[in-house]
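**Q** There's a structure below that I have some questions on.
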Amino acid sequence: MAPGSPALLLLSLLSLPSLSPGATGCPAACRCYSATVECGALRLRVVPPGIPPGTQTLFLQDNSIARLEPGILAPLAALRRLYLHNNSLRALEPGAFGAQSRLLELALTGNRLRGLRVGAFSGLAQLRILYLAGNQLVQLLDFTFLHLPRLQELHLQENSIELLEDQALAGLSSLALLDLSRNQLGTISREALQPLASLQVLRLTGGEPAGRDFRGSSFLGDG
């Protein structure tokens, strides 16, 4: 298990005192630990009501959530970490995370996302880590990640990405790690990687034009 992984964080939280499910200020069937709410593996189809507005870490993994209703996350402006992995999300509406200006980590691994609309991540100016692995993405369009100036890790492995448009990664000037392994990319243009001034690790394995990590700026054609 990787250090800092959502599962490891959840295991450590389980040892803390908690409010009983359904207690005042805690959604029914969920468990609440100070500023953390754990609603994983409850067969939820929607984000449950009643999540305390001061929540900083929210676990919603391993449910059947297919859509983030407009405004459903608006009261949760204090969120720092949001785990929505292993759900059934098919799309992200522009502005879905508009109130999460403090969010540092967002896990969307293992959903059913086939595309990402421009503006899907607007409002996430502080985001550092974004997990999008194991979805059904087939292309990344221009300016998809434009609103993520402080993003440091972008995990896109195990999708079906065939096309990376030249400006798809525009705005990611702080990105240090980009994982595009196990996709269907035939080529990646130099223009597509040009915005990545801070890139240290680029992972391309499993059918892409490279079978190892590229480190440093030489691959980007700097100079």
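Each chain in the structure tokens gets a letter, A, B and so on, in the order shown; residues start at 1 in every chain, and ligands are counted from 1 in the order they appear.
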Could you pull the residues within 9 Å of segment 89-93 of chain A, counting only C-alpha atoms, minus those fewer than 4 positions along the same chain, as a list in words?
**A**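 Listed by chain and then number, they are Ser64, Ile65, Ala66, Arg67, Leu68, Glu69, Pro70, Leu84, Phe97, Leu108, Gly110, Asn111, Arg112, Leu113, Arg114, Gly115, Leu116, Arg117, Gly119, Ala120, Phe121 and Gln136 of chain A.
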**Q** Can you write out the residues you just picked, keeping C-alpha atoms, as a short mmCIF file (atom, residue, chain, number, x, y, z; two decimals), in the first residue's frame?
**A**
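What follows is the written file again_20.cif:
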```cif
data_model
loop_
_atom_site.label_atom_id
_atom_site.label_comp_id
_atom_site.auth_asym_id
_atom_site.auth_seq_id
_atom_site.Cartn_x
_atom_site.Cartn_y
_atom_site.Cartn_z
CA SER A 64 -22.79 3.84 -6.79
CA ILE A 65 -22.81 7.61 -7.17
CA ALA A 66 -23.45 8.35 -10.85
CA ARG A 67 -23.74 12.13 -10.76
CA LEU A 68 -22.79 15.09 -8.64
CA GLU A 69 -25.99 17.09 -8.42
CA PRO A 70 -25.58 20.83 -9.07
CA LEU A 84 -14.92 9.57 -4.81
CA PHE A 97 -16.25 21.74 -7.47
CA LEU A 108 -11.87 10.00 -9.03
CA GLY A 110 -12.30 3.80 -11.01
CA ASN A 111 -15.36 5.67 -12.26
CA ARG A 112 -16.92 5.68 -15.75
CA LEU A 113 -15.76 9.05 -17.01
CA ARG A 114 -15.50 9.07 -20.81
CA GLY A 115 -14.63 12.74 -21.21
CA LEU A 116 -13.70 15.83 -19.25
CA ARG A 117 -15.38 19.12 -20.12
CA GLY A 119 -14.41 23.93 -16.58
CA ALA A 120 -14.94 20.61 -14.81
CA PHE A 121 -12.15 21.51 -12.37
CA GLN A 136 -12.90 5.34 -19.72
#
```
**Q** Using only C-alpha atoms, which protein or nucleic acid residues come within 8 Å of Glu153 of chain A? Drop anything in the same chain fewer than 3 positions from it, and give the result as an NGL selection string.
**A** :A and (128-130 or 175-178)
**Q** How about saving the chosen residues, N, CA and C atoms kept, as a CSV table (one decimal), in the first residue's frame?
**A**
```
chain,number,residue,atom,x,y,z
A,128,ARG,N,-3.5,19.8,-5.3
A,128,ARG,CA,-2.2,19.3,-5.5
A,128,ARG,C,-2.1,18.0,-6.2
A,129,ILE,N,-3.1,17.1,-5.9
A,129,ILE,CA,-3.1,15.8,-6.5
A,129,ILE,C,-4.5,15.4,-7.0
A,130,LEU,N,-4.5,14.9,-8.3
A,130,LEU,CA,-5.7,14.6,-9.0
A,130,LEU,C,-5.6,13.1,-9.5
A,175,LEU,N,3.1,21.1,-12.3
A,175,LEU,CA,3.0,19.7,-12.4
A,175,LEU,C,4.4,19.0,-12.3
A,176,ALA,N,4.6,18.1,-11.4
A,176,ALA,CA,5.9,17.4,-11.2
A,176,ALA,C,5.8,16.0,-11.7
A,177,LEU,N,4.6,15.4,-11.6
A,177,LEU,CA,4.4,14.0,-12.0
A,177,LEU,C,3.2,13.8,-12.9
A,178,LEU,N,3.4,13.2,-14.1
A,178,LEU,CA,2.3,13.0,-15.0
A,178,LEU,C,2.3,11.5,-15.4
```
**Q** Check the DSSP output for the backbone and give back, as a list in words, the residues of segment 9-193 of chain A in helix (DSSP H, G or I).
**A**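 Listing helix (DSSP H, G or I) positions across segment 9-193 of chain A yields Leu9, Leu10, Leu11, Ser12, Leu13, Arg190, Glu191, Ala192 and Leu193 of chain A.
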**Q** Atom CA of Arg80 of chain A and atom CA of Leu42 of chain A are how many Å apart?
**A** 22.0 Å
**Q** Which residue is closest to Glu158 of chain A? Choose from A:Leu132, A:Cys26, A:Phe143, A:Ser173 and count only C-alpha atoms.
**A**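 Smallest distance to Glu158 of chain A is found for A:Leu132.
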**Q** With distances taken over only C-alpha atoms, which of A:Ser101, A:Gln157, A:Thr187, A:Gln61 is nearest to Val46 of chain A?
**A** A:Gln61
**Q** With only C-alpha atoms as the atoms that count, which of A:Cys39, A:Leu60, A:Leu124, A:Leu156 lies nearest to Gly98 of chain A?
**A**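 Between A:Cys39, A:Leu60, A:Leu124, A:Leu156, the residue approaching Gly98 of chain A most closely is A:Leu124.
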**Q** Report the distance between atom CA of Leu73 of chain A and atom CA of His155 of chain A in Å, rounded to one decimal place.
**A**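 These two atoms are separated by 22.9 Å.
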**Q** Near Gln184 of chain A, within 6 Å and counting only C-alpha atoms, which residues show up once chain neighbours fewer than 6 positions away are dropped, as a PyMOL selection string?
**A** chain A and resi 160-162
**Q** Go ahead and dump the residues you just picked, N, CA and C atoms, as a CSV table (one decimal), in the first residue's frame.
**A**
```csv
chain,number,residue,atom,x,y,z
A,160,SER,N,-8.3,4.9,-21.7
A,160,SER,CA,-8.2,4.5,-23.2
A,160,SER,C,-7.9,5.7,-24.0
A,161,ILE,N,-7.0,6.6,-23.5
A,161,ILE,CA,-6.7,7.8,-24.1
A,161,ILE,C,-6.0,7.6,-25.4
A,162,GLU,N,-6.5,8.1,-26.5
A,162,GLU,CA,-5.9,8.0,-27.8
A,162,GLU,C,-5.4,9.4,-28.3
```
